[in-house]
>>> print(open('protein36.cif').read())   # mmCIF, C-alpha atoms
data_my_file
#
loop_
_atom_site.label_atom_id
_atom_site.label_comp_id
_atom_site.auth_asym_id
_atom_site.auth_seq_id
_atom_site.Cartn_x
_atom_site.Cartn_y
_atom_site.Cartn_z
CA MET C 560 -24.62 12.42 17.35
CA SER C 561 -21.54 13.65 15.50
CA GLU C 562 -19.35 11.26 17.56
CA SER C 563 -21.55 8.25 16.73
CA ASN C 564 -21.54 9.36 13.08
CA ALA C 565 -17.73 9.37 13.10
CA ILE C 566 -17.62 5.90 14.70
CA ALA C 567 -20.13 4.61 12.11
CA ASN C 568 -18.00 5.96 9.26
CA GLY C 569 -14.85 4.48 10.84
CA LEU C 570 -16.39 1.01 11.19
CA ALA C 571 -17.94 1.18 7.71
CA GLY C 572 -14.60 2.27 6.21
CA ALA C 573 -12.84 -0.62 7.94
CA GLY C 574 -15.42 -3.12 6.65
CA GLY C 575 -15.37 -1.76 3.12
CA GLY C 576 -11.57 -1.65 3.11
CA ILE C 577 -11.27 -5.30 4.17
CA ILE C 578 -13.58 -6.51 1.39
CA ALA C 579 -11.84 -4.33 -1.23
CA GLN C 580 -8.42 -5.55 -0.01
CA ILE C 581 -9.36 -9.25 -0.27
CA ILE C 582 -10.67 -8.77 -3.82
CA THR C 583 -7.70 -6.75 -5.13
CA TYR C 584 -4.86 -8.23 -3.02
CA PRO C 585 -3.28 -10.35 -5.81
CA LEU C 586 -2.86 -7.17 -7.90
CA GLN C 587 -1.35 -5.38 -4.92
CA THR C 588 1.14 -8.22 -4.34
CA VAL C 589 2.26 -8.21 -7.97
CA ASN C 590 2.43 -4.41 -7.98
CA THR C 591 4.68 -4.38 -4.90
CA ARG C 592 7.01 -6.91 -6.53
CA GLN C 593 7.12 -4.87 -9.74
CA GLN C 594 8.01 -1.74 -7.79
CA THR C 595 10.81 -3.45 -5.85
CA GLU C 596 12.33 -5.15 -8.93
CA ARG C 597 15.64 -3.59 -9.98
CA THR C 598 15.97 -2.95 -13.73
CA LEU C 599 19.06 -1.65 -15.51
CA LYS C 600 19.10 1.59 -17.44
CA ARG C 601 19.83 0.99 -21.12
CA ASN C 602 23.52 0.84 -22.06
CA LYS C 603 24.54 0.86 -18.39
CA GLN C 604 25.76 -2.24 -16.54
CA THR C 605 25.95 -0.95 -12.98
CA LEU C 606 23.60 -3.45 -11.33
CA PRO C 607 24.33 -7.20 -11.04
CA SER C 608 24.17 -9.25 -14.23
CA ASN C 609 21.38 -11.46 -12.86
CA THR C 610 19.01 -8.47 -12.72
CA THR C 611 16.27 -8.97 -15.30
CA THR C 612 13.37 -7.03 -16.67
CA ALA C 613 10.16 -7.67 -14.74
CA PRO C 614 7.39 -9.44 -16.70
CA GLY C 615 3.95 -8.00 -17.31
CA THR C 616 1.16 -8.14 -14.72
CA LEU C 617 -0.71 -11.20 -16.01
CA LEU C 618 2.49 -13.11 -16.72
CA GLN C 619 3.82 -12.30 -13.26
CA ILE C 620 0.54 -13.50 -11.67
CA PHE C 621 0.89 -16.84 -13.50
CA GLN C 622 4.56 -17.07 -12.48
CA VAL C 623 3.70 -16.57 -8.81
CA ILE C 624 0.95 -19.23 -9.01
CA ARG C 625 3.34 -21.69 -10.76
CA THR C 626 6.30 -21.20 -8.38
CA GLU C 627 4.55 -20.39 -5.08
CA GLY C 628 0.97 -21.56 -5.54
CA TRP C 629 -2.15 -19.47 -4.98
CA GLY C 630 -0.89 -18.66 -1.49
CA GLY C 631 1.93 -16.62 -3.03
CA LEU C 632 -0.59 -14.07 -4.32
CA TYR C 633 -1.93 -13.68 -0.79
CA SER C 634 1.41 -13.54 1.03
CA GLY C 635 1.10 -11.13 3.94
CA LEU C 636 -2.71 -11.01 3.70
CA LYS C 637 -3.32 -11.33 7.47
CA PRO C 638 -1.29 -8.27 8.54
CA SER C 639 -2.57 -6.51 5.42
CA LEU C 640 -6.19 -7.02 6.52
CA LEU C 641 -5.26 -5.78 9.98
CA GLY C 642 -3.53 -2.80 8.39
CA THR C 643 -6.48 -2.11 6.08
CA ALA C 644 -9.02 -2.30 8.91
CA ALA C 645 -6.90 -0.04 11.12
CA SER C 646 -5.95 2.31 8.27
CA GLN C 647 -9.45 2.75 6.83
CA GLY C 648 -11.06 2.85 10.27
CA ILE C 649 -8.70 5.55 11.52
CA TYR C 650 -8.91 7.48 8.26
CA TYR C 651 -12.69 7.56 8.03
CA TYR C 652 -13.11 8.25 11.76
CA PHE C 653 -10.83 11.30 11.71
CA TYR C 654 -12.17 12.33 8.30
CA GLN C 655 -15.71 12.43 9.68
CA VAL C 656 -14.58 14.25 12.85
CA PHE C 657 -12.83 17.00 10.86
CA LYS C 658 -15.64 17.01 8.29
CA ASN C 659 -18.17 17.76 11.04
CA LYS C 660 -15.96 20.60 12.28
CA ALA C 661 -15.59 21.98 8.74
CA VAL C 662 -19.37 21.86 8.22
CA ALA C 663 -19.93 23.61 11.58
CA ILE C 664 -17.41 26.33 10.68
CA ALA C 665 -19.07 26.84 7.27
CA ALA C 666 -22.49 27.14 8.94
CA ALA C 667 -21.15 29.67 11.47
CA ARG C 668 -19.64 31.73 8.65
CA LYS C 669 -23.01 31.80 6.89
CA VAL C 670 -24.70 33.16 10.02
CA LYS C 671 -22.13 35.96 10.04
CA GLY C 672 -22.93 36.69 6.41
CA ARG C 673 -19.80 35.12 4.95
CA GLY C 674 -20.15 32.21 2.54
CA ASP C 675 -23.11 30.07 1.53
CA GLY C 676 -22.83 27.61 4.42
CA THR C 677 -21.11 24.85 2.42
CA VAL C 678 -17.55 23.57 2.59
CA GLY C 679 -15.56 24.37 -0.55
CA MET C 680 -13.25 22.04 -2.49
CA PHE C 681 -10.16 23.40 -0.70
CA GLY C 682 -11.86 22.74 2.64
CA TRP C 683 -12.45 19.08 1.72
CA LEU C 684 -8.83 18.84 0.56
CA VAL C 685 -7.54 20.08 3.95
CA VAL C 686 -9.88 17.76 5.89
CA ALA C 687 -8.77 14.71 3.87
CA ALA C 688 -5.07 15.68 4.13
CA ILE C 689 -5.19 15.96 7.96
CA ALA C 690 -7.01 12.65 8.32
CA GLY C 691 -4.61 10.99 5.87
CA SER C 692 -1.52 12.28 7.68
CA LEU C 693 -2.73 10.96 11.04
CA ASN C 694 -3.54 7.63 9.41
CA VAL C 695 -0.04 7.32 7.87
CA LEU C 696 1.76 8.12 11.13
CA LEU C 697 -0.29 5.59 13.09
CA THR C 698 -0.38 2.67 10.64
CA ASN C 699 3.00 2.84 8.80
CA PRO C 700 4.56 0.01 10.92
CA ILE C 701 1.83 -2.39 9.75
CA TRP C 702 2.48 -1.59 6.08
CA VAL C 703 6.25 -2.06 6.54
CA LEU C 704 5.54 -5.63 7.72
CA VAL C 705 3.08 -6.24 4.88
CA THR C 706 5.62 -5.11 2.26
CA ARG C 707 8.31 -7.33 3.81
CA MET C 708 6.03 -10.37 3.69
CA GLN C 709 4.94 -9.65 0.11
CA THR C 710 8.53 -9.41 -1.14
CA HIS C 711 10.20 -12.04 1.10
CA THR C 712 10.09 -14.92 -1.42
CA GLN C 713 11.39 -12.60 -4.13
CA ALA C 714 14.29 -11.45 -1.91
CA GLU C 715 15.15 -15.02 -0.85
CA ARG C 716 15.23 -16.13 -4.49
CA LYS C 717 17.65 -13.29 -5.36
CA ILE C 718 19.94 -14.27 -2.47
CA MET C 719 19.89 -17.89 -3.67
CA GLU C 720 20.75 -16.82 -7.23
CA GLU C 721 23.69 -14.78 -5.92
CA LYS C 722 24.99 -17.85 -4.03
CA LYS C 723 24.70 -19.99 -7.18
CA GLU C 724 26.50 -17.33 -9.24
CA ALA C 725 29.30 -17.21 -6.63
CA LEU C 726 29.66 -21.02 -6.81
CA ARG C 727 29.86 -20.98 -10.62
CA LYS C 728 32.46 -18.20 -10.51
CA ALA C 729 34.54 -20.07 -7.91
CA ALA C 730 34.28 -23.27 -9.97
CA SER C 731 35.51 -21.54 -13.14
CA GLU C 732 38.45 -19.93 -11.32
CA SER C 733 39.65 -23.01 -9.40
CA ALA C 734 38.62 -25.66 -11.95
CA ILE C 735 36.28 -27.50 -9.59
CA ALA C 736 34.86 -30.69 -11.06
CA ASP C 737 31.46 -30.35 -12.70
CA SER C 738 30.09 -33.13 -10.49
CA THR C 739 31.13 -31.29 -7.31
CA LEU C 740 29.63 -28.04 -8.57
CA GLN C 741 26.40 -29.80 -9.52
CA ASP C 742 26.19 -31.40 -6.06
CA LYS C 743 26.54 -28.02 -4.40
CA LEU C 744 23.93 -26.48 -6.71
CA ASP C 745 21.55 -29.38 -6.01
CA GLU C 746 22.11 -28.83 -2.28
CA LEU C 747 21.12 -25.18 -2.66
CA ASN C 748 18.05 -26.12 -4.71
CA SER C 749 16.94 -28.55 -2.02
CA ILE C 750 16.81 -25.83 0.62
CA LYS C 751 13.18 -25.01 1.32
CA PRO C 752 12.08 -21.41 2.01
CA ARG C 753 12.00 -20.57 5.69
CA PRO C 754 8.62 -19.87 7.30
CA PHE C 755 8.16 -16.12 7.30
CA GLY C 756 5.28 -14.77 9.33
CA THR C 757 4.45 -11.44 10.93
CA ILE C 758 6.75 -12.03 13.93
CA HIS C 759 9.65 -13.00 11.63
CA ALA C 760 9.11 -9.83 9.59
CA ALA C 761 8.97 -7.66 12.74
CA LYS C 762 12.21 -9.18 14.09
CA GLU C 763 13.95 -8.66 10.75
CA VAL C 764 12.91 -4.99 10.57
CA TYR C 765 13.97 -4.38 14.19
CA ASN C 766 17.35 -6.13 13.72
CA GLU C 767 18.04 -4.04 10.60
CA ALA C 768 17.14 -0.56 11.82
CA GLY C 769 15.64 -0.73 15.31
CA THR C 770 12.33 0.95 16.11
CA VAL C 771 12.91 3.60 13.42
CA GLY C 772 12.73 0.84 10.81
CA PHE C 773 8.98 0.51 11.32
CA TRP C 774 8.54 4.05 10.00
CA LYS C 775 10.62 3.54 6.84
CA GLY C 776 8.94 5.13 3.86
CA VAL C 777 6.84 7.43 6.05
CA PHE C 778 7.90 10.58 4.17
CA PRO C 779 6.86 9.26 0.72
CA ALA C 780 3.67 7.97 2.36
CA LEU C 781 2.91 11.45 3.73
CA ILE C 782 3.45 12.91 0.26
CA MET C 783 1.06 10.27 -1.09
CA VAL C 784 -1.63 11.64 1.23
CA CYS C 785 -2.44 14.03 -1.62
CA ASN C 786 -3.82 11.06 -3.61
CA PRO C 787 -6.76 10.16 -1.31
CA SER C 788 -7.15 13.84 -0.45
CA ILE C 789 -7.88 14.65 -4.10
CA GLN C 790 -10.13 11.56 -4.28
CA PHE C 791 -12.21 12.77 -1.37
CA MET C 792 -12.28 16.35 -2.58
CA ILE C 793 -13.80 15.14 -5.87
CA TYR C 794 -15.99 12.63 -4.02
CA GLU C 795 -17.51 15.19 -1.65
CA SER C 796 -17.99 17.75 -4.41
CA SER C 797 -19.66 15.16 -6.66
CA LEU C 798 -21.84 14.01 -3.76
CA LYS C 799 -22.91 17.60 -3.14
CA HIS C 800 -23.93 18.07 -6.79
CA LEU C 801 -25.82 14.75 -6.82
CA ARG C 802 -27.75 15.74 -3.70
CA GLU C 803 -28.59 19.11 -5.22
CA LYS C 804 -29.87 17.40 -8.40
CA ARG C 805 -31.98 14.97 -6.38
CA ALA C 806 -33.39 17.83 -4.33
CA ALA C 807 -34.21 19.72 -7.54
CA LYS C 808 -36.05 16.68 -8.94
CA LYS C 809 -38.09 16.30 -5.80
CA GLN C 810 -39.11 19.91 -6.04
CA GLY C 811 -40.16 19.66 -9.60
CA ASN C 812 1.66 9.58 -7.87
CA THR C 813 2.71 5.97 -8.59
CA SER C 814 6.17 7.25 -8.63
CA ILE C 815 6.09 7.91 -4.86
CA SER C 816 4.48 4.51 -4.31
CA ALA C 817 7.44 2.78 -5.96
CA LEU C 818 9.85 4.74 -3.74
CA GLU C 819 7.87 3.83 -0.61
CA SER C 820 7.86 0.11 -1.51
CA ARG C 821 11.64 0.15 -2.12
CA LEU C 822 12.30 1.62 1.33
CA GLN C 823 9.98 -0.81 3.10
CA ALA C 824 11.12 -3.96 1.26
CA LYS C 825 13.95 -6.16 2.50
CA GLN C 826 17.31 -4.59 1.55
CA GLU C 827 19.59 -6.61 -0.73
CA ILE C 828 22.30 -8.56 1.06
CA GLY C 829 25.76 -8.37 -0.49
CA GLY C 830 28.48 -5.97 -1.44
CA ASN C 831 26.56 -4.09 -4.12
CA ASN C 832 25.86 -0.70 -2.58
CA SER C 833 23.51 0.28 -5.44
CA LEU C 834 20.86 -2.09 -4.08
CA ARG C 835 20.78 -0.68 -0.55
CA TYR C 836 19.07 2.53 0.55
CA SER C 837 19.89 4.43 3.73
CA GLY C 838 16.85 6.69 3.43
CA THR C 839 14.41 8.48 1.15
CA PHE C 840 16.94 10.88 -0.44
CA ASP C 841 19.49 8.08 -0.97
CA ALA C 842 16.80 5.92 -2.63
CA VAL C 843 15.78 8.77 -4.97
CA LEU C 844 19.39 9.41 -6.08
CA LYS C 845 20.21 5.73 -6.63
CA MET C 846 16.99 4.99 -8.51
CA ILE C 847 17.68 7.92 -10.87
CA ARG C 848 21.37 6.98 -11.28
CA TYR C 849 20.99 3.23 -11.84
CA GLU C 850 17.47 2.86 -13.25
CA GLY C 851 16.46 6.24 -14.61
CA ILE C 852 13.20 8.12 -14.15
CA THR C 853 11.22 5.07 -15.35
CA GLY C 854 12.15 3.32 -12.10
CA PHE C 855 9.66 5.54 -10.29
CA TYR C 856 6.82 4.39 -12.53
CA LYS C 857 7.22 0.63 -12.24
CA GLY C 858 3.92 -1.22 -11.93
CA MET C 859 1.97 1.92 -12.78
CA SER C 860 -0.64 0.17 -14.96
CA THR C 861 -1.19 -2.51 -12.29
CA LYS C 862 -1.48 0.16 -9.61
CA ILE C 863 -4.06 2.15 -11.59
CA VAL C 864 -6.28 -0.91 -12.10
CA GLN C 865 -5.93 -2.00 -8.45
CA SER C 866 -6.51 1.49 -7.04
CA VAL C 867 -9.56 2.31 -9.15
CA PHE C 868 -11.19 -1.08 -8.51
CA ALA C 869 -10.40 -0.98 -4.77
CA ALA C 870 -11.67 2.60 -4.39
CA SER C 871 -14.91 1.78 -6.22
CA VAL C 872 -15.60 -1.26 -4.03
CA LEU C 873 -14.61 0.63 -0.88
CA PHE C 874 -16.84 3.66 -1.52
CA MET C 875 -19.83 1.50 -2.50
CA ILE C 876 -19.64 -0.85 0.51
CA LYS C 877 -18.78 1.93 2.95
CA GLU C 878 -21.81 4.01 1.98
CA GLU C 879 -24.13 0.98 2.25
CA LEU C 880 -22.74 0.09 5.69
CA VAL C 881 -23.23 3.68 6.90
CA LYS C 882 -26.85 3.62 5.67
CA ALA C 883 -27.42 0.29 7.46
CA PHE C 884 -25.93 1.71 10.67
CA ILE C 885 -28.20 4.78 10.49
CA VAL C 886 -31.28 2.58 9.92
CA LEU C 887 -30.37 0.34 12.87
CA THR C 888 -29.70 3.37 15.09
CA ASN C 889 -33.08 4.94 14.24
CA LYS C 890 -34.91 1.66 14.86
CA SER C 891 -33.20 1.15 18.20
CA LYS C 892 -34.15 4.69 19.23
CA LYS C 893 -37.77 4.06 18.32
CA VAL C 894 -37.80 0.78 20.28
CA ALA C 895 -36.20 2.51 23.26
CA SER C 896 -38.73 5.36 23.17
CA ASN C 897 -41.65 2.91 22.93
CA LEU C 898 -40.39 0.93 25.88
CA SER C 899 -39.90 4.06 27.99
CA SER C 900 -43.41 5.33 27.22
#
>>> encode(input="protein36.cif", output="structure tokens")
Amino acid sequence: MSESNAIANGLAGAGGGIIAQIITYPLQTVNTRQQTERTLKRNKQTLPSNTTTAPGTLLQIFQVIRTEGWGGLYSGLKPSLLGTAASQGIYYYFYQVFKNKAVAIAAARKVKGRGDGTVGMFGWLVVAAIAGSLNVLLTNPIWVLVTRMQTHTQAERKIMEEKKEALRKAASESAIADSTLQDKLDELNSIKPRPFGTIHAAKEVYNEAGTVGFWKGVFPALIMVCNPSIQFMIYESSLKHLREKRAAKKQGNTSISALESRLQAKQEIGGNNSLRYSGTFDAVLKMIRYEGITGFYKGMSTKIVQSVFAASVLFMIKEELVKAFIVLTNKSKKVASNLSS
């Protein structure tokens, strides 16, 4: 029974996660772009001169629609849905498995005269942290590909701007005719973006860093496990209090996310070493040096809105799917018992 309960929660979590991801994906895309945008610290000119301040969330959404169409907001959606289904399915499955064990341990302690038979807040925190860590280790490669696909157009545009800047600089130094320069700029503008699917993203990651590249950002992601762990600790505790109230009536952060996105996004091509990160520690030092502490909080407001909305939809749909699974299981048992008798 406990195994089927874990499977039910895993499938329900996957279903709820997919629906929540589809609804909030445009916000997630914009948030990822905000987090990977390089912004200068005030009074310091250490990054390239073409680096600009990222626009606000709504403005950036409209910019993506204008330049890339509605499809730009859903870039990388397919692997993201796969990642969400796998991530939520694995998380909720292992969460339920360890939850059942925690409940059994609490019940055994009560029999021995220790405790009241319920799992405490710290217990829920440990259960959620273990499930979250397993989930991160197993699904990180999918999220690396998703981040690459979400930021590909942005990275290609930056590379194109660097080429244009190099042409203008060469023209000013060697006195190239304006008509020749304009022809070369028009030629660059006529180049259409290359198709960039899941396979392209996987090849790019592998060519850059080999197999290890698929686990880029895994350490910040493991630190971020504390976020859903706290969510579930509060969720389980709140659920416990609600059940107790019903029974009585019957009786009468974002900073780590920005770092993770930077590591998983396509690294800048060119001689500027400040835009390339060799690992987590290198990314932390360079973000502090060139962008300041605020660099860790880019896209925070967008992330808060997206996370709260996604979590609300996920919890609501997941609970309803679990209830439906239990109802169907009970009905099938009754039908089976009637047929056997």
>>> resolve_selection(input="protein36.cif", expression="the PyMOL selection byres ((chain C and resi 883-895) around 12)", output="JSON list (two decimals) with C-alpha atoms, in the frame of the given file")
[["chain", "number", "residue", "atom", "x", "y", "z"],
["C", 560, "MET", "CA", -24.62, 12.42, 17.35],
["C", 563, "SER", "CA", -21.55, 8.25, 16.73],
["C", 564, "ASN", "CA", -21.54, 9.36, 13.08],
["C", 565, "ALA", "CA", -17.73, 9.37, 13.10],
["C", 566, "ILE", "CA", -17.62, 5.90, 14.70],
["C", 567, "ALA", "CA", -20.13, 4.61, 12.11],
["C", 568, "ASN", "CA", -18.00, 5.96, 9.26],
["C", 569, "GLY", "CA", -14.85, 4.48, 10.84],
["C", 570, "LEU", "CA", -16.39, 1.01, 11.19],
["C", 571, "ALA", "CA", -17.94, 1.18, 7.71],
["C", 876, "ILE", "CA", -19.64, -0.85, 0.51],
["C", 877, "LYS", "CA", -18.78, 1.93, 2.95],
["C", 878, "GLU", "CA", -21.81, 4.01, 1.98],
["C", 879, "GLU", "CA", -24.13, 0.98, 2.25],
["C", 880, "LEU", "CA", -22.74, 0.09, 5.69],
["C", 881, "VAL", "CA", -23.23, 3.68, 6.90],
["C", 882, "LYS", "CA", -26.85, 3.62, 5.67],
["C", 896, "SER", "CA", -38.73, 5.36, 23.17],
["C", 897, "ASN", "CA", -41.65, 2.91, 22.93],
["C", 898, "LEU", "CA", -40.39, 0.93, 25.88],
["C", 899, "SER", "CA", -39.90, 4.06, 27.99],
["C", 900, "SER", "CA", -43.41, 5.33, 27.22]]
>>> resolve_selection(input="protein36.cif", expression="the PyMOL selection byres ((chain C and resi 869) around 9)", output="ChimeraX atom specification")
/C:576,578-580,582-583,864-868,870-874
>>> axis_aligned_box(input="protein36.cif", around="region 772-781 of chain C", padding_each_side="5 Å", output="lines of an AutoDock Vina configuration file")
center_x = 7.8
center_y = 6.0
center_z = 6.0
size_x = 19.8
size_y = 20.9
size_z = 20.6
>>> atom_distance(input="protein36.cif", atom1="CA of Lys845 (chain C)", atom2="CA of Ile701 (chain C)")
25.9 Å
>>> atom_distance(input="protein36.cif", atom1="CA of Gln593 (chain C)", atom2="CA of Ile620 (chain C)")
11.0 Å
>>> resolve_selection(input="protein36.cif", expression="the PyMOL selection byres ((chain C and resi 648-653) around 10)", output="compact mmCIF listing (two decimals) with C-alpha atoms, in the frame of the given file")
# COMPACT_ATOMS: atom_id res chain seq x y z
CA GLU C 562 -19.35 11.26 17.56
CA SER C 563 -21.55 8.25 16.73
CA ASN C 564 -21.54 9.36 13.08
CA ALA C 565 -17.73 9.37 13.10
CA ILE C 566 -17.62 5.90 14.70
CA ALA C 567 -20.13 4.61 12.11
CA ASN C 568 -18.00 5.96 9.26
CA GLY C 569 -14.85 4.48 10.84
CA LEU C 570 -16.39 1.01 11.19
CA ALA C 571 -17.94 1.18 7.71
CA GLY C 572 -14.60 2.27 6.21
CA ALA C 573 -12.84 -0.62 7.94
CA GLY C 574 -15.42 -3.12 6.65
CA GLY C 575 -15.37 -1.76 3.12
CA GLY C 576 -11.57 -1.65 3.11
CA GLY C 642 -3.53 -2.80 8.39
CA THR C 643 -6.48 -2.11 6.08
CA ALA C 644 -9.02 -2.30 8.91
CA ALA C 645 -6.90 -0.04 11.12
CA SER C 646 -5.95 2.31 8.27
CA GLN C 647 -9.45 2.75 6.83
CA TYR C 654 -12.17 12.33 8.30
CA GLN C 655 -15.71 12.43 9.68
CA VAL C 656 -14.58 14.25 12.85
CA PHE C 657 -12.83 17.00 10.86
CA LYS C 658 -15.64 17.01 8.29
CA ASN C 659 -18.17 17.76 11.04
CA VAL C 686 -9.88 17.76 5.89
CA ALA C 687 -8.77 14.71 3.87
CA ALA C 688 -5.07 15.68 4.13
CA ILE C 689 -5.19 15.96 7.96
CA ALA C 690 -7.01 12.65 8.32
CA GLY C 691 -4.61 10.99 5.87
CA SER C 692 -1.52 12.28 7.68
CA LEU C 693 -2.73 10.96 11.04
CA ASN C 694 -3.54 7.63 9.41
CA VAL C 695 -0.04 7.32 7.87
CA LEU C 697 -0.29 5.59 13.09
CA THR C 698 -0.38 2.67 10.64
CA LYS C 877 -18.78 1.93 2.95
>>> atom_distance(input="protein36.cif", atom1="CA of Thr710 (chain C)", atom2="CA of Lys728 (chain C)")
27.2 Å
>>> closest_residue(input="protein36.cif", among="C:Ser639, C:Thr591, C:Ser634, C:Asn699", to="Ala780 (chain C)", atoms="only C-alpha atoms")
C:Asn699
>>> closest_residue(input="protein36.cif", among="C:Leu740, C:Ile847, C:Ile782, C:Leu636", to="Gly756 (chain C)", atoms="only C-alpha atoms")
C:Leu636
>>> closest_residue(input="protein36.cif", among="C:Phe681, C:Gln587, C:Val784, C:Ile624", to="Leu696 (chain C)", atoms="all atoms listed in the file")
C:Val784
>>> decode(input="protein36.cif", residues="region 688-705 of chain C", atoms="N, CA and C atoms", output="mmCIF file, in the first residue's frame")
data_model
loop_
_atom_site.group_PDB
_atom_site.id
_atom_site.type_symbol
_atom_site.label_atom_id
_atom_site.label_comp_id
_atom_site.auth_asym_id
_atom_site.auth_seq_id
_atom_site.Cartn_x
_atom_site.Cartn_y
_atom_site.Cartn_z
ATOM 1 N N ALA C 688 14.576 17.324 2.298
ATOM 2 C CA ALA C 688 15.962 17.585 1.867
ATOM 3 C C ALA C 688 16.558 16.359 1.167
ATOM 4 N N ILE C 689 16.305 15.161 1.691
ATOM 5 C CA ILE C 689 16.824 13.926 1.074
ATOM 6 C C ILE C 689 16.192 13.715 -0.297
ATOM 7 N N ALA C 690 14.875 13.867 -0.365
ATOM 8 C CA ALA C 690 14.171 13.706 -1.640
ATOM 9 C C ALA C 690 14.644 14.740 -2.653
ATOM 10 N N GLY C 691 14.828 15.982 -2.198
ATOM 11 C CA GLY C 691 15.281 17.050 -3.085
ATOM 12 C C GLY C 691 16.692 16.820 -3.603
ATOM 13 N N SER C 692 17.573 16.323 -2.766
ATOM 14 C CA SER C 692 18.957 16.050 -3.180
ATOM 15 C C SER C 692 19.020 14.957 -4.238
ATOM 16 N N LEU C 693 18.260 13.899 -4.054
ATOM 17 C CA LEU C 693 18.195 12.818 -5.044
ATOM 18 C C LEU C 693 17.648 13.346 -6.367
ATOM 19 N N ASN C 694 16.626 14.178 -6.278
ATOM 20 C CA ASN C 694 16.015 14.767 -7.465
ATOM 21 C C ASN C 694 17.017 15.614 -8.244
ATOM 22 N N VAL C 695 17.788 16.457 -7.550
ATOM 23 C CA VAL C 695 18.773 17.331 -8.193
ATOM 24 C C VAL C 695 19.839 16.517 -8.915
ATOM 25 N N LEU C 696 20.371 15.499 -8.250
ATOM 26 C CA LEU C 696 21.439 14.677 -8.831
ATOM 27 C C LEU C 696 20.974 13.921 -10.073
ATOM 28 N N LEU C 697 19.716 13.520 -10.089
ATOM 29 C CA LEU C 697 19.194 12.736 -11.209
ATOM 30 C C LEU C 697 18.710 13.580 -12.379
ATOM 31 N N THR C 698 18.242 14.790 -12.122
ATOM 32 C CA THR C 698 17.619 15.591 -13.196
ATOM 33 C C THR C 698 18.423 16.826 -13.622
ATOM 34 N N ASN C 699 19.571 17.104 -13.012
ATOM 35 C CA ASN C 699 20.349 18.296 -13.364
ATOM 36 C C ASN C 699 20.700 18.393 -14.853
ATOM 37 N N PRO C 700 21.060 17.277 -15.535
ATOM 38 C CA PRO C 700 21.366 17.366 -16.975
ATOM 39 C C PRO C 700 20.214 17.939 -17.799
ATOM 40 N N ILE C 701 18.990 17.604 -17.436
ATOM 41 C CA ILE C 701 17.825 18.114 -18.178
ATOM 42 C C ILE C 701 17.742 19.625 -18.030
ATOM 43 N N TRP C 702 17.957 20.126 -16.810
ATOM 44 C CA TRP C 702 17.832 21.565 -16.565
ATOM 45 C C TRP C 702 18.974 22.353 -17.180
ATOM 46 N N VAL C 703 20.145 21.730 -17.359
ATOM 47 C CA VAL C 703 21.246 22.380 -18.078
ATOM 48 C C VAL C 703 20.824 22.644 -19.526
ATOM 49 N N LEU C 704 20.200 21.646 -20.153
ATOM 50 C CA LEU C 704 19.736 21.786 -21.537
ATOM 51 C C LEU C 704 18.629 22.831 -21.643
ATOM 52 N N VAL C 705 17.714 22.832 -20.681
ATOM 53 C CA VAL C 705 16.617 23.800 -20.681
ATOM 54 C C VAL C 705 17.164 25.229 -20.604
#
